[in-house]
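For reference, the structure is listed below as structure tokens.
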Amino acid sequence: MRFDILTIFPEIFDSYIKESIIKRAQEKDLIEIHIHDIRSFSKDKHKKVDDIPFGGGAGMVMTAQPLHDAITAIKKLNKGPVIYLTPQGKTLTQTKVEKFAKLPGMIFLCGRYEGIDQRIRDTLIDQEISIGSYVLTGGELPALTILDAVSRLIPGVLGKENSHLEDSFSKAFNRKKEYPHYTRPANFKGMEVPEVLRSGDHKKIDKWRKSKLK
Ligand code: 4GS
């Protein structure tokens, strides 16, 4: 899967994608991540990417030209949908993540300020997605959130121990239900791990875990 991310803050992505599972997924060529600085597409002499809103009002709006040039260039390299992150979009769910994971690629447009010129939304955006009903300062965290949730469903991305989470068979379980987890020590500040988990009786353990699913 190829991810292309358009942002005016490319450095935001560096630490997250250079660590852990996402890093290994790139090394194994299971995912490819390309971060693009929208500013580098600006034809303005000061590389401006925003301007005041027509009709007045607070805040700035991201201008059409750099967004248009960036998106049209990247569309040639990535055949996936162009996704704009906004609280007005359809809310992200695990079902959506599972559908995204089957795509050849995804292009994320991260907005800042009050948002982007409506003409870009009308002509170049395929889908609008929200990670939840609250307002962030930019679309970068939503883009990383989706990248992370989608990547872990691509076969081979999770380690052997977690590979069972990739198949759709475990979907319903995978989606929301979790049982309580404990690791050593068996006694932490007087709090004991439930005896059943240390019994070695796997039938009893399964039954206990099912009874605790939340
Ligand atoms: C979200 C969200 C968001 C909205 C971007 C205000 C800057 C900001 N994007 N899910 N302008 N929630 N975007 O809050 O996706």
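Going by the structure tokens order, chains are called A, B, ..., each with residues numbered from 1, while ligands are numbered from 1 in the order shown.
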
Just the residues within 12 Å of Leu144 in chain A, please, counting only C-alpha atoms, with nothing from its chain fewer than 2 positions along; format it as JSON, numbers by chain. {"A": [3, 4, 5, 6, 7, 10, 12, 13, 14, 15, 16, 17, 22, 33, 35, 85, 106, 107, 108, 109, 110, 131, 138, 139, 140, 141, 142, 146, 147, 148, 149, 150, 151]}

Mind dumping the selected residues with N, CA and C atoms as an mmCIF file, in the first residue's frame?
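Result went into again39.cif, see below:
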data_model
loop_
_atom_site.group_PDB
_atom_site.id
_atom_site.type_symbol
_atom_site.label_atom_id
_atom_site.label_comp_id
_atom_site.auth_asym_id
_atom_site.auth_seq_id
_atom_site.Cartn_x
_atom_site.Cartn_y
_atom_site.Cartn_z
ATOM 1 N N PHE A 3 1.063 5.261 0.645
ATOM 2 C CA PHE A 3 0.437 6.419 1.282
ATOM 3 C C PHE A 3 1.167 7.681 0.838
ATOM 4 N N ASP A 4 0.419 8.669 0.371
ATOM 5 C CA ASP A 4 0.988 9.994 0.117
ATOM 6 C C ASP A 4 0.257 10.974 1.018
ATOM 7 N N ILE A 5 1.025 11.811 1.713
ATOM 8 C CA ILE A 5 0.449 12.757 2.667
ATOM 9 C C ILE A 5 0.852 14.173 2.296
ATOM 10 N N LEU A 6 -0.148 15.035 2.125
ATOM 11 C CA LEU A 6 0.098 16.445 1.806
ATOM 12 C C LEU A 6 -0.131 17.282 3.050
ATOM 13 N N THR A 7 0.878 18.072 3.402
ATOM 14 C CA THR A 7 0.838 18.817 4.666
ATOM 15 C C THR A 7 1.712 20.053 4.558
ATOM 16 N N PRO A 10 5.488 18.885 7.345
ATOM 17 C CA PRO A 10 5.980 17.521 7.077
ATOM 18 C C PRO A 10 6.738 16.902 8.244
ATOM 19 N N ILE A 12 6.082 16.796 11.298
ATOM 20 C CA ILE A 12 5.201 16.153 12.276
ATOM 21 C C ILE A 12 5.251 14.634 12.131
ATOM 22 N N PHE A 13 5.432 14.154 10.904
ATOM 23 C CA PHE A 13 5.319 12.721 10.624
ATOM 24 C C PHE A 13 6.594 11.943 10.933
ATOM 25 N N ASP A 14 7.729 12.661 10.975
ATOM 26 C CA ASP A 14 9.031 11.986 11.048
ATOM 27 C C ASP A 14 9.138 10.993 12.193
ATOM 28 N N SER A 15 8.891 11.447 13.428
ATOM 29 C CA SER A 15 9.162 10.571 14.571
ATOM 30 C C SER A 15 8.237 9.357 14.552
ATOM 31 N N TYR A 16 6.978 9.554 14.224
ATOM 32 C CA TYR A 16 6.040 8.422 14.284
ATOM 33 C C TYR A 16 6.363 7.345 13.251
ATOM 34 N N ILE A 17 6.629 7.765 12.019
ATOM 35 C CA ILE A 17 6.828 6.741 10.974
ATOM 36 C C ILE A 17 8.237 6.153 10.987
ATOM 37 N N ILE A 22 5.445 0.564 12.116
ATOM 38 C CA ILE A 22 5.309 1.287 10.855
ATOM 39 C C ILE A 22 6.654 1.346 10.128
ATOM 40 N N ILE A 33 5.554 5.212 2.365
ATOM 41 C CA ILE A 33 4.994 6.484 2.831
ATOM 42 C C ILE A 33 5.757 7.637 2.204
ATOM 43 N N ILE A 35 5.793 11.807 2.176
ATOM 44 C CA ILE A 35 5.303 13.053 2.781
ATOM 45 C C ILE A 35 5.650 14.204 1.840
ATOM 46 N N LEU A 85 -9.169 15.249 5.476
ATOM 47 C CA LEU A 85 -9.497 15.024 6.881
ATOM 48 C C LEU A 85 -10.221 16.258 7.417
ATOM 49 N N MET A 106 -3.550 5.366 -0.770
ATOM 50 C CA MET A 106 -4.407 6.418 -0.227
ATOM 51 C C MET A 106 -3.622 7.724 -0.250
ATOM 52 N N ILE A 107 -4.314 8.822 -0.560
ATOM 53 C CA ILE A 107 -3.692 10.152 -0.549
ATOM 54 C C ILE A 107 -4.427 10.984 0.504
ATOM 55 N N PHE A 108 -3.691 11.496 1.481
ATOM 56 C CA PHE A 108 -4.298 12.297 2.555
ATOM 57 C C PHE A 108 -3.963 13.767 2.375
ATOM 58 N N LEU A 109 -4.983 14.589 2.417
ATOM 59 C CA LEU A 109 -4.776 16.039 2.432
ATOM 60 C C LEU A 109 -5.065 16.542 3.846
ATOM 61 N N CYS A 110 -4.018 17.091 4.470
ATOM 62 C CA CYS A 110 -4.146 17.609 5.836
ATOM 63 C C CYS A 110 -4.378 19.106 5.783
ATOM 64 N N ILE A 131 -11.977 11.745 12.174
ATOM 65 C CA ILE A 131 -11.628 10.729 13.187
ATOM 66 C C ILE A 131 -12.469 10.894 14.439
ATOM 67 N N GLY A 138 -5.093 20.639 13.040
ATOM 68 C CA GLY A 138 -4.747 20.254 11.678
ATOM 69 C C GLY A 138 -5.130 18.813 11.392
ATOM 70 N N GLY A 139 -5.071 18.434 10.126
ATOM 71 C CA GLY A 139 -5.439 17.076 9.721
ATOM 72 C C GLY A 139 -4.307 16.070 9.853
ATOM 73 N N GLU A 140 -3.167 16.495 10.401
ATOM 74 C CA GLU A 140 -2.010 15.588 10.455
ATOM 75 C C GLU A 140 -2.254 14.394 11.385
ATOM 76 N N LEU A 141 -2.787 14.641 12.584
ATOM 77 C CA LEU A 141 -3.043 13.518 13.504
ATOM 78 C C LEU A 141 -4.098 12.564 12.927
ATOM 79 N N PRO A 142 -5.185 13.070 12.333
ATOM 80 C CA PRO A 142 -6.114 12.153 11.667
ATOM 81 C C PRO A 142 -5.455 11.324 10.559
ATOM 82 N N ILE A 146 -5.268 7.178 10.616
ATOM 83 C CA ILE A 146 -5.772 6.271 9.579
ATOM 84 C C ILE A 146 -4.632 5.408 9.044
ATOM 85 N N LEU A 147 -3.479 6.028 8.787
ATOM 86 C CA LEU A 147 -2.326 5.271 8.293
ATOM 87 C C LEU A 147 -2.000 4.122 9.243
ATOM 88 N N ASP A 148 -2.008 4.402 10.530
ATOM 89 C CA ASP A 148 -1.685 3.399 11.539
ATOM 90 C C ASP A 148 -2.721 2.271 11.569
ATOM 91 N N ALA A 149 -4.000 2.650 11.600
ATOM 92 C CA ALA A 149 -5.082 1.655 11.686
ATOM 93 C C ALA A 149 -5.124 0.775 10.440
ATOM 94 N N VAL A 150 -4.852 1.370 9.270
ATOM 95 C CA VAL A 150 -4.884 0.617 8.002
ATOM 96 C C VAL A 150 -3.653 -0.280 7.891
ATOM 97 N N SER A 151 -2.497 0.253 8.248
ATOM 98 C CA SER A 151 -1.245 -0.503 8.084
ATOM 99 C C SER A 151 -1.267 -1.812 8.855
#

What does the list of residues within 9 Å of ligand 1 look like if you count only C-alpha atoms and all ligand atoms, written as a count of residues only? 31

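Minimum atom-to-atom distances from A:Glu192, A:Glu178, A:Asp69, A:Asp44 to Lys212 in chain A were compared using only C-alpha atoms, and the lowest value belongs to A:Glu178.
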
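Atom to atom, CA of Val61 in chain A and CA of Asp117 in chain A stand 6.3 Å apart.
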